[in-house]
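As provided, data-v2.cif (mmCIF, C-alpha atoms and all ligand atoms) reads as follows.
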```cif
data_structure
loop_
_atom_site.label_atom_id
_atom_site.label_comp_id
_atom_site.auth_asym_id
_atom_site.auth_seq_id
_atom_site.Cartn_x
_atom_site.Cartn_y
_atom_site.Cartn_z
CA MET A 139 0.00 0.00 0.00
CA ILE A 140 1.13 3.52 -0.78
CA HIS A 141 -1.76 5.44 0.73
CA THR A 142 0.27 8.44 1.97
CA GLU A 143 2.01 9.35 -1.32
CA THR A 144 0.98 12.80 -2.60
CA ASN A 145 3.45 13.09 -5.49
CA ALA A 146 1.91 11.94 -8.79
CA ASP A 147 5.24 10.88 -10.37
CA ARG A 148 6.25 8.74 -7.42
CA MET A 149 2.72 7.31 -7.33
CA LEU A 150 3.01 6.44 -11.02
CA GLY A 151 6.34 4.68 -10.38
CA TRP A 152 4.75 2.62 -7.61
CA MET A 153 1.75 1.70 -9.75
CA GLN A 154 3.98 0.71 -12.68
CA GLU A 155 5.83 -1.65 -10.37
CA HIS A 156 2.94 -3.10 -8.34
CA LEU A 157 -0.20 -2.82 -10.52
CA LYS A 158 1.36 -3.28 -13.96
CA ASP A 159 -0.70 -6.32 -14.97
CA LEU A 160 -3.87 -5.02 -13.31
CA VAL A 161 -4.26 -1.41 -14.43
CA PRO A 162 -3.95 -0.76 -18.21
CA GLU A 163 -0.84 1.36 -18.98
CA ILE A 164 -3.03 3.90 -20.79
CA GLU A 165 -4.98 4.58 -17.55
CA MET A 166 -2.02 4.48 -15.21
CA ARG A 167 -0.97 8.18 -15.30
CA ALA A 168 -4.54 9.44 -14.81
CA LYS A 169 -5.06 7.04 -11.89
CA ALA A 170 -1.73 8.03 -10.32
CA GLU A 171 -2.67 11.72 -10.47
CA LEU A 172 -6.10 11.08 -8.95
CA ALA A 173 -4.66 8.87 -6.21
CA ALA A 174 -1.98 11.44 -5.29
CA GLU A 175 -4.67 14.16 -5.18
CA ILE A 176 -6.86 12.02 -2.90
CA ASN A 177 -3.92 11.49 -0.53
CA ARG A 178 -3.28 15.25 -0.48
CA LEU A 179 -6.96 16.05 0.19
CA LYS A 180 -7.11 13.41 2.91
CA VAL A 181 -4.50 15.30 4.93
CA GLU A 182 -6.22 18.65 4.30
CA ARG A 183 -9.62 17.29 5.43
CA GLU A 184 -8.18 15.14 8.26
CA ALA A 185 -10.00 12.24 6.66
CA VAL A 186 -9.50 8.49 6.82
CA ILE A 187 -10.45 6.26 3.89
CA LEU A 188 -11.96 2.87 4.64
CA GLY A 189 -11.88 0.62 1.56
CA HIS A 190 -13.80 -2.62 1.22
CA ASN A 191 -11.94 -5.61 -0.26
CA TYR A 192 -14.00 -5.21 -3.49
CA MET A 193 -12.61 -1.79 -4.41
CA GLU A 194 -10.69 -1.57 -7.68
CA PRO A 195 -6.88 -2.04 -7.27
CA ALA A 196 -5.88 1.67 -7.38
CA LEU A 197 -8.52 2.64 -4.80
CA TYR A 198 -7.67 -0.34 -2.66
CA HIS A 199 -3.86 -0.16 -2.69
CA ALA A 200 -3.09 3.51 -3.36
CA VAL A 201 -5.54 5.52 -1.22
CA SER A 202 -7.32 3.32 1.35
CA ASP A 203 -5.91 3.77 4.88
CA ILE A 204 -7.76 0.71 6.14
CA THR A 205 -9.03 -2.21 4.06
CA GLY A 206 -11.05 -5.24 5.06
CA ASP A 207 -14.33 -7.13 5.08
CA SER A 208 -17.53 -5.76 6.65
CA LEU A 209 -16.60 -6.88 10.16
CA GLU A 210 -13.04 -5.49 10.07
CA LEU A 211 -14.19 -2.16 8.62
CA CYS A 212 -16.92 -1.92 11.27
CA ARG A 213 -14.34 -2.53 14.01
CA LYS A 214 -11.92 0.01 12.52
CA ALA A 215 -14.70 2.57 12.09
CA ALA A 216 -15.35 2.24 15.82
CA GLU A 217 -11.67 2.90 16.58
CA THR A 218 -10.76 5.76 14.24
CA GLU A 219 -10.15 9.24 15.65
CA ALA A 220 -10.30 11.05 12.30
CA PRO A 221 -13.17 13.58 12.16
CA VAL A 222 -14.03 12.60 8.57
CA ILE A 223 -14.56 9.04 7.28
CA VAL A 224 -14.75 8.46 3.53
CA PHE A 225 -16.30 5.05 3.02
CA CYS A 226 -15.25 3.38 -0.23
CA GLY A 227 -17.87 0.64 -0.14
CA VAL A 228 -21.66 0.55 -0.34
CA GLU A 229 -24.28 2.58 1.49
CA PHE A 230 -25.10 0.15 4.30
CA MET A 231 -21.40 0.06 5.21
CA ALA A 232 -21.10 3.86 5.34
CA GLU A 233 -24.34 4.00 7.32
CA THR A 234 -22.92 1.51 9.83
CA ALA A 235 -19.86 3.76 10.27
CA LYS A 236 -22.19 6.73 10.92
CA ILE A 237 -24.26 4.75 13.45
CA ILE A 238 -21.08 4.08 15.43
CA ASN A 239 -19.67 7.60 14.94
CA PRO A 240 -22.54 10.12 15.23
CA GLY A 241 -20.19 13.05 15.83
CA LYS A 242 -18.13 12.42 12.68
CA THR A 243 -18.74 13.31 9.06
CA VAL A 244 -19.20 10.10 7.06
CA LEU A 245 -19.04 10.42 3.27
CA LEU A 246 -20.00 7.92 0.57
CA PRO A 247 -18.39 8.95 -2.76
CA ALA A 248 -21.46 7.86 -4.80
CA GLN A 249 -24.93 9.31 -4.32
CA LYS A 250 -26.37 5.81 -4.19
CA ALA A 251 -24.40 2.57 -3.95
CA GLY A 252 -27.02 0.09 -2.81
CA CYS A 253 -27.09 -3.67 -2.23
CA SER A 254 -29.75 -6.21 -3.25
CA LEU A 255 -29.67 -7.75 0.22
CA ALA A 256 -30.17 -4.44 2.03
CA GLN A 257 -33.01 -3.72 -0.40
CA SER A 258 -34.74 -7.05 0.27
CA ILE A 259 -36.21 -6.30 3.69
CA THR A 260 -37.87 -3.37 5.51
CA ALA A 261 -38.25 -2.48 9.16
CA ALA A 262 -42.00 -3.26 8.84
CA ASP A 263 -41.09 -6.77 7.60
CA VAL A 264 -38.95 -7.32 10.72
CA ARG A 265 -41.71 -6.05 13.03
CA ALA A 266 -44.13 -8.49 11.37
CA LEU A 267 -41.66 -11.36 11.90
CA LYS A 268 -41.27 -10.44 15.57
CA ALA A 269 -45.05 -10.39 15.98
CA GLN A 270 -45.27 -13.83 14.36
CA TYR A 271 -42.43 -15.32 16.47
CA PRO A 272 -42.61 -13.46 19.80
CA GLY A 273 -39.51 -13.71 21.98
CA VAL A 274 -37.35 -15.23 19.22
CA PRO A 275 -34.04 -13.31 18.89
CA VAL A 276 -33.45 -11.46 15.62
CA VAL A 277 -29.98 -11.85 14.06
CA THR A 278 -29.59 -9.52 11.09
CA TYR A 279 -26.86 -9.55 8.47
CA ILE A 280 -24.94 -6.27 8.42
CA ASN A 281 -25.99 -5.88 4.74
CA THR A 282 -29.17 -4.03 5.84
CA TYR A 283 -30.19 -0.41 6.41
CA ALA A 284 -30.29 1.38 9.77
CA ASP A 285 -34.07 1.08 10.34
CA VAL A 286 -33.83 -2.72 9.95
CA LYS A 287 -30.84 -2.85 12.33
CA ALA A 288 -32.93 -0.81 14.79
CA GLU A 289 -35.45 -3.72 14.96
CA THR A 290 -32.63 -6.24 15.50
CA ASP A 291 -31.22 -7.89 18.61
CA VAL A 292 -27.76 -8.52 17.22
CA CYS A 293 -26.09 -7.97 13.85
CA CYS A 294 -23.73 -10.41 12.20
CA THR A 295 -21.39 -10.51 9.21
CA SER A 296 -20.26 -13.43 7.07
CA GLY A 297 -17.11 -13.44 9.24
CA ASN A 298 -18.87 -14.06 12.57
CA ALA A 299 -22.42 -15.37 11.87
CA ALA A 300 -21.87 -18.91 13.17
CA ARG A 301 -20.19 -17.59 16.33
CA ILE A 302 -23.02 -15.12 17.03
CA VAL A 303 -25.68 -17.81 16.59
CA ALA A 304 -23.77 -20.24 18.83
CA ALA A 305 -23.31 -17.57 21.51
CA LEU A 306 -27.07 -16.86 21.59
CA ASN A 307 -27.59 -20.45 22.69
CA THR A 308 -31.31 -20.51 21.77
CA ASP A 309 -33.29 -23.07 19.84
CA THR A 310 -34.87 -20.75 17.28
CA VAL A 311 -33.36 -17.64 15.72
CA ILE A 312 -34.80 -15.20 13.18
CA PHE A 313 -31.85 -14.99 10.76
CA ILE A 314 -32.37 -12.39 8.02
CA PRO A 315 -32.34 -11.35 5.18
CA ASP A 316 -29.90 -13.55 3.17
CA GLU A 317 -31.47 -16.95 2.48
CA TYR A 318 -28.20 -18.49 1.31
CA LEU A 319 -26.13 -17.16 4.21
CA ALA A 320 -28.86 -18.58 6.49
CA ARG A 321 -28.66 -21.96 4.76
CA ASN A 322 -24.84 -22.00 4.91
CA VAL A 323 -24.69 -20.98 8.58
CA ALA A 324 -27.52 -23.42 9.40
CA ARG A 325 -25.46 -26.24 7.90
CA GLU A 326 -22.47 -25.18 10.00
CA THR A 327 -24.47 -24.90 13.22
CA GLY A 328 -26.81 -27.87 12.68
CA LYS A 329 -30.01 -25.80 12.34
CA THR A 330 -33.08 -26.34 10.16
CA VAL A 331 -34.19 -23.48 7.88
CA LEU A 332 -37.84 -22.38 7.87
CA PHE A 333 -39.64 -19.42 6.31
CA PRO A 334 -42.34 -17.12 7.77
CA GLY A 335 -45.62 -18.95 7.97
CA GLN A 336 -43.99 -22.26 8.77
CA SER A 337 -44.16 -23.40 12.38
CA ALA A 338 -40.90 -23.90 14.26
CA ALA A 339 -42.57 -26.46 16.53
CA GLY A 340 -41.76 -30.01 15.60
CA CYS A 341 -39.40 -29.00 12.75
CA SER A 342 -36.16 -28.63 14.65
CA GLY A 343 -33.82 -31.58 14.45
CA GLY A 344 -32.52 -31.13 17.98
CA MET A 345 -30.24 -28.17 17.22
CA GLY A 346 -33.10 -25.74 16.50
CA SER A 347 -34.22 -23.63 13.56
CA PHE A 348 -33.56 -20.46 11.62
CA ILE A 349 -36.53 -18.40 10.51
CA ALA A 350 -35.06 -17.07 7.26
CA TRP A 351 -35.99 -14.55 4.56
CA HIS A 352 -35.76 -14.78 0.78
CA GLY A 353 -33.13 -12.04 0.30
CA LYS A 354 -30.30 -12.79 -2.15
CA CYS A 355 -27.07 -11.16 -3.25
CA GLU A 356 -27.54 -10.44 -6.95
CA VAL A 357 -23.89 -11.32 -7.60
CA HIS A 358 -23.30 -14.45 -5.53
CA GLU A 359 -26.64 -16.07 -6.37
CA LEU A 360 -25.39 -16.42 -9.98
CA PHE A 361 -22.58 -18.87 -9.23
CA GLN A 362 -23.42 -22.51 -9.90
CA VAL A 363 -21.96 -25.93 -9.09
CA GLN A 364 -21.53 -26.36 -12.86
CA ASP A 365 -19.03 -23.46 -12.84
CA ILE A 366 -16.92 -25.33 -10.28
CA GLU A 367 -17.14 -28.59 -12.23
CA ASN A 368 -16.17 -26.87 -15.49
CA VAL A 369 -13.16 -25.13 -14.02
CA ARG A 370 -11.98 -28.28 -12.21
CA ARG A 371 -12.19 -30.23 -15.47
CA GLN A 372 -9.97 -27.66 -17.18
CA PHE A 373 -7.64 -26.99 -14.20
CA PRO A 374 -7.64 -30.07 -11.90
CA ASP A 375 -5.31 -28.34 -9.40
CA VAL A 376 -7.57 -25.29 -8.89
CA LEU A 377 -8.67 -24.32 -5.36
CA VAL A 378 -12.18 -22.87 -5.33
CA LEU A 379 -13.07 -20.33 -2.62
CA ALA A 380 -16.71 -19.26 -2.28
CA HIS A 381 -18.35 -16.46 -0.30
CA PRO A 382 -21.14 -17.69 2.03
CA GLU A 383 -23.65 -15.54 0.10
CA CYS A 384 -23.35 -18.18 -2.66
CA PRO A 385 -26.03 -20.91 -2.90
CA PRO A 386 -25.38 -23.67 -0.31
CA GLU A 387 -24.61 -26.33 -2.91
CA VAL A 388 -21.92 -24.01 -4.34
CA ALA A 389 -20.41 -23.27 -0.92
CA GLU A 390 -20.39 -27.00 -0.18
CA ALA A 391 -18.74 -27.90 -3.49
CA ALA A 392 -15.99 -25.30 -2.98
CA ASP A 393 -12.70 -26.09 -1.21
CA PHE A 394 -13.25 -23.24 1.26
CA SER A 395 -16.03 -20.80 2.13
CA GLY A 396 -15.57 -17.61 4.13
CA SER A 397 -15.85 -13.84 4.24
CA THR A 398 -13.87 -11.75 1.76
CA SER A 399 -11.02 -11.33 4.27
CA ALA A 400 -11.11 -15.03 5.16
CA MET A 401 -10.62 -15.80 1.44
CA ILE A 402 -7.69 -13.35 1.26
CA ARG A 403 -6.09 -14.96 4.32
CA PHE A 404 -6.54 -18.41 2.77
CA VAL A 405 -4.66 -17.38 -0.39
CA LYS A 406 -1.87 -15.73 1.64
CA GLU A 407 -1.52 -18.85 3.79
CA HIS A 408 -1.35 -21.12 0.69
CA PRO A 409 0.75 -19.14 -1.82
CA GLY A 410 1.80 -20.31 -5.26
CA LYS A 411 -1.45 -22.09 -6.08
CA ARG A 412 -4.13 -21.60 -8.73
CA TYR A 413 -7.44 -20.13 -7.44
CA LEU A 414 -10.97 -19.40 -8.52
CA LEU A 415 -12.75 -16.92 -6.22
CA LEU A 416 -16.55 -17.07 -6.37
CA THR A 417 -17.11 -13.45 -5.37
CA GLU A 418 -16.78 -9.95 -6.87
CA CYS A 419 -14.03 -10.11 -9.48
CA ALA A 420 -12.03 -7.02 -8.35
CA MET A 421 -10.90 -8.88 -5.25
CA ALA A 422 -8.76 -11.30 -7.29
CA ASP A 423 -6.82 -8.30 -8.69
CA ASN A 424 -6.24 -6.91 -5.21
CA ILE A 425 -4.87 -10.24 -4.00
CA ILE A 426 -2.59 -10.71 -7.03
CA ALA A 427 -1.01 -7.28 -6.41
CA GLU A 428 0.19 -8.64 -3.04
CA THR A 429 0.79 -12.30 -3.87
CA PRO A 430 1.86 -12.40 -7.56
CA GLU A 431 3.14 -15.97 -7.13
CA SER A 432 -0.49 -17.22 -6.99
CA GLU A 433 -2.66 -17.51 -10.09
CA MET A 434 -6.23 -16.24 -10.20
CA LEU A 435 -8.82 -17.55 -12.62
CA ARG A 436 -11.59 -14.96 -12.98
CA MET A 437 -15.34 -15.10 -13.58
CA CYS A 438 -15.75 -11.40 -14.24
CA SER A 439 -19.15 -11.77 -15.90
CA HIS A 440 -20.67 -11.45 -12.40
CA ARG A 441 -19.90 -7.97 -11.02
CA CYS A 442 -21.39 -5.93 -8.16
CA PRO A 443 -22.78 -2.81 -9.88
CA HIS A 444 -23.09 -1.08 -6.50
CA MET A 445 -19.46 -1.45 -5.43
CA ALA A 446 -18.41 -0.34 -8.93
CA GLN A 447 -20.10 3.03 -8.30
CA ILE A 448 -17.12 4.04 -6.18
CA THR A 449 -14.35 5.47 -8.36
CA LEU A 450 -11.16 7.49 -7.86
CA GLU A 451 -12.83 10.47 -9.61
CA ASP A 452 -15.80 10.39 -7.23
CA THR A 453 -13.51 9.99 -4.22
CA VAL A 454 -11.68 13.20 -5.22
CA ALA A 455 -15.06 14.93 -5.55
CA ALA A 456 -16.19 13.53 -2.18
CA LEU A 457 -13.20 15.12 -0.44
CA GLN A 458 -13.38 18.40 -2.39
CA LYS A 459 -17.13 18.94 -1.91
CA MET A 460 -17.59 16.90 1.30
CA GLN A 461 -20.25 14.76 -0.39
CA TYR A 462 -22.36 12.61 -0.04
CA GLU A 463 -22.90 12.92 3.67
CA ILE A 464 -24.61 10.01 5.44
CA GLU A 465 -27.35 10.96 7.92
CA VAL A 466 -29.28 8.63 10.23
CA PRO A 467 -32.24 9.86 12.34
CA GLU A 468 -31.11 9.86 15.98
CA GLU A 469 -33.87 7.59 17.38
CA VAL A 470 -33.10 4.99 14.66
CA ARG A 471 -29.33 5.36 15.14
CA VAL A 472 -29.46 4.75 18.89
CA LYS A 473 -31.47 1.53 18.48
CA ALA A 474 -29.39 0.33 15.51
CA LYS A 475 -26.16 0.95 17.44
CA ARG A 476 -27.24 -1.47 20.18
CA SER A 477 -27.40 -4.35 17.67
CA ILE A 478 -23.94 -3.46 16.29
CA ASP A 479 -22.41 -3.02 19.77
CA ARG A 480 -23.76 -6.44 20.78
CA MET A 481 -22.20 -7.98 17.68
CA LEU A 482 -18.82 -6.38 18.37
CA ALA A 483 -18.96 -7.53 22.00
CA MET A 484 -19.89 -11.09 20.96
CA SER A 485 -17.23 -11.45 18.25
P1 LIG K 501 -17.75 -9.42 3.55
O1 LIG K 501 -18.20 -9.00 4.90
O2 LIG K 501 -17.34 -10.86 3.49
O3 LIG K 501 -16.66 -8.51 3.06
O4 LIG K 501 -18.97 -9.31 2.53
C1 LIG K 501 -19.57 -8.12 2.18
C2 LIG K 501 -20.34 -8.24 0.95
O5 LIG K 501 -21.14 -7.40 0.62
C3 LIG K 501 -20.13 -9.43 0.15
O6 LIG K 501 -20.84 -9.34 -1.01
FE1 LIG K 502 -24.62 -6.42 -1.84
FE2 LIG K 502 -23.94 -8.56 -3.25
FE3 LIG K 502 -22.93 -6.22 -3.91
FE4 LIG K 502 -22.13 -7.43 -1.65
S1 LIG K 502 -21.81 -8.13 -3.75
S2 LIG K 502 -22.69 -5.29 -1.86
S3 LIG K 502 -24.05 -8.42 -1.02
S4 LIG K 502 -25.11 -6.79 -4.00
#
```
Mind turning this structure into structure tokens?
Ligand code: 13P
Ligand code: SF4
Amino acid sequence: MIHTETNADRMLGWMQEHLKDLVPEIEMRAKAELAAEINRLKVEREAVILGHNYMEPALYHAVSDITGDSLELCRKAAETEAPVIVFCGVEFMAETAKIINPGKTVLLPAQKAGCSLAQSITAADVRALKAQYPGVPVVTYINTYADVKAETDVCCTSGNAARIVAALNTDTVIFIPDEYLARNVARETGKTVLFPGQSAAGCSGGMGSFIAWHGKCEVHELFQVQDIENVRRQFPDVLVLAHPECPPEVAEAADFSGSTSAMIRFVKEHPGKRYLLLTECAMADNIIAETPESEMLRMCSHRCPHMAQITLEDTVAALQKMQYEIEVPEEVRVKAKRSIDRMLAMS
């Protein structure tokens, strides 16, 4: 990482050395100038940049002060002392940073960078679930908006979901909104998956049940077992890593399933191998910049259009114009924060 460099020529030299196979030469100078300008503005604004693992290589390696998966970025957002946080990720992530840091200015460089999972459930849906299953704890994936978190007992991420469920030590859990994450975590924790309207009584196989929701990640739901079989036929030595937002049969067929940072750790711990990552394609580029001895096969036909909203150009504009500021109504924020604080305490 070179996230403090403010000289465009030195930035270009670094990019030519470290990102040469990842950023086209024709774009390199423009990206180096933008990155150096972002680093200069960061100091002027006393800002910190949090970059999700899905950011494009120049944003990820050349300007982000802290990178990570949702859980790591949430933890770091809680620790930072900078008065301004620029969140290079999607809206629910920036909103989470604001919930934890009400006194700070939190900026999202795109006016709207959504998420199909966050879009899949409303606060009214959660209230209806609680009315249908009174007393059952609500565990909500962090990929949701503040008003849904406000109706939640404890949040979780793909990096800690199984641990949170185990720590609750209850038979039945409302686990929302990602159906596939629910199915994958249920497999890991021995739970049965039910949907609203189905009775929990008599269905649990001893380890209890998840009341799930039909939310899906529009990117990960597209991966299929056939993709894994095809790539293994062509490259028998390939190691397939799948995000737990993938369908359960895909996660099960993979060699490893974990959060974005868990996948990165796996590659770093097993260098020099050939990989296929069933997740947003930009992450493979970010890994290769650090571990060029590994080989990444890419399925770049499945991209997250929301993460791709965040660009170097818009990050410059965010710091120049202090846009787009994230706001959360105080009564919602206070309730939502409890569910995030519980998650951080439990993980
Ligand atoms: P991670 O928490 O694993 O980074 O996942 C976030 C996400 O949105 C995956 O699509
Ligand atoms: Fe949401 Fe899927 Fe994009 Fe992640 S990859 S931000 S879960 S739409």
Cut-off 8 Å, all atoms listed in the file, neighbours of ligand LIG 502 (chain K) as JSON, numbers by chain:
{"A": [227, 228, 252, 253, 254, 255, 256, 281, 354, 355, 356, 357, 358, 383, 417, 418, 441, 442, 443, 444, 445]}
So which residues touch stretch 307-322 of chain A within 6 Å, counting only C-alpha atoms, skipping near sequence neighbours fewer than 3 positions away, as a PyMOL selection string?
chain A and resi 274-278+304+325+346-354+382-383+385-386
Keeping only C-alpha atoms, take the residues you just selected and write them out as a short mmCIF file (atom, residue, chain, number, x, y, z; two decimals), keeping the file's coordinate frame.
```
data_model
loop_
_atom_site.label_atom_id
_atom_site.label_comp_id
_atom_site.auth_asym_id
_atom_site.auth_seq_id
_atom_site.Cartn_x
_atom_site.Cartn_y
_atom_site.Cartn_z
CA VAL A 274 -37.35 -15.23 19.22
CA PRO A 275 -34.04 -13.31 18.89
CA VAL A 276 -33.45 -11.46 15.62
CA VAL A 277 -29.98 -11.85 14.06
CA THR A 278 -29.59 -9.52 11.09
CA ALA A 304 -23.77 -20.24 18.83
CA ARG A 325 -25.46 -26.24 7.90
CA GLY A 346 -33.10 -25.74 16.50
CA SER A 347 -34.22 -23.63 13.56
CA PHE A 348 -33.56 -20.46 11.62
CA ILE A 349 -36.53 -18.40 10.51
CA ALA A 350 -35.06 -17.07 7.26
CA TRP A 351 -35.99 -14.55 4.56
CA HIS A 352 -35.76 -14.78 0.78
CA GLY A 353 -33.13 -12.04 0.30
CA LYS A 354 -30.30 -12.79 -2.15
CA PRO A 382 -21.14 -17.69 2.03
CA GLU A 383 -23.65 -15.54 0.10
CA PRO A 385 -26.03 -20.91 -2.90
CA PRO A 386 -25.38 -23.67 -0.31
#
```
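Using all atoms listed in the file for every distance, the candidate list A:Asp285, A:Glu182, A:Glu359, A:Asp263 yields A:Glu359 as the residue closest to ligand LIG 501 (chain K).
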Give, as AutoDock Vina command-line options, the centre coordinates and the x, y and z edge lengths in Å to one decimal for an axis-aligned box around all listed atoms of ligand LIG 501 (chain K), padded by 6 Å on each side.
```
--center_x -18.9 --center_y -9.1 --center_z 1.9 --size_x 16.5 --size_y 15.5 --size_z 17.9
```
Show me which residues sit within 6 Å of ligand LIG 501 (chain K) when counting only C-alpha atoms and all ligand atoms, and put them as a PDB file with C-alpha atoms, in the coordinates of the input.
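Heads up, here's the output in out.pdb:
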```pdb
ATOM      1  CA  ASP A 207     -14.330  -7.130   5.080  1.00  0.00           C
ATOM      2  CA  SER A 208     -17.530  -5.760   6.650  1.00  0.00           C
ATOM      3  CA  LEU A 209     -16.600  -6.880  10.160  1.00  0.00           C
ATOM      4  CA  THR A 295     -21.390 -10.510   9.210  1.00  0.00           C
ATOM      5  CA  SER A 296     -20.260 -13.430   7.070  1.00  0.00           C
ATOM      6  CA  SER A 397     -15.850 -13.840   4.240  1.00  0.00           C
ATOM      7  CA  THR A 398     -13.870 -11.750   1.760  1.00  0.00           C
TER       8      THR A 398
END
```
Out of A:Trp152, A:Tyr279, A:Tyr413, A:Tyr271, which residue has the shortest atom-to-atom distance to A:Val303 when counting all atoms listed in the file?
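Result for the nearest residue to A:Val303: A:Tyr279.
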What is the distance, in Å and to one decimal place, between atom CA of A:Gly189 and atom CA of A:Ala215?
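It comes out at 11.1 Å.
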Of the candidates A:Thr218, A:Ser485, A:Ser395, A:Ser477, which one gets nearest to A:Cys293 if we count only C-alpha atoms?
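With only C-alpha atoms as the atom set, the closest residue is A:Ser477.
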Quick one: everything within 8 Å of A:His199, counting all atoms listed in the file, minus sequence neighbours fewer than 6 positions away in the same chain. Send it as a PyMOL selection string.
chain A and resi 139-141+424
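Close contacts of A:Glu431, defined as residues with an atom at most 8 Å away when counting all atoms listed in the file, with chain neighbours fewer than 4 positions off set aside, comprise Pro409, Gly410, Lys411 and Ile426 of chain A.
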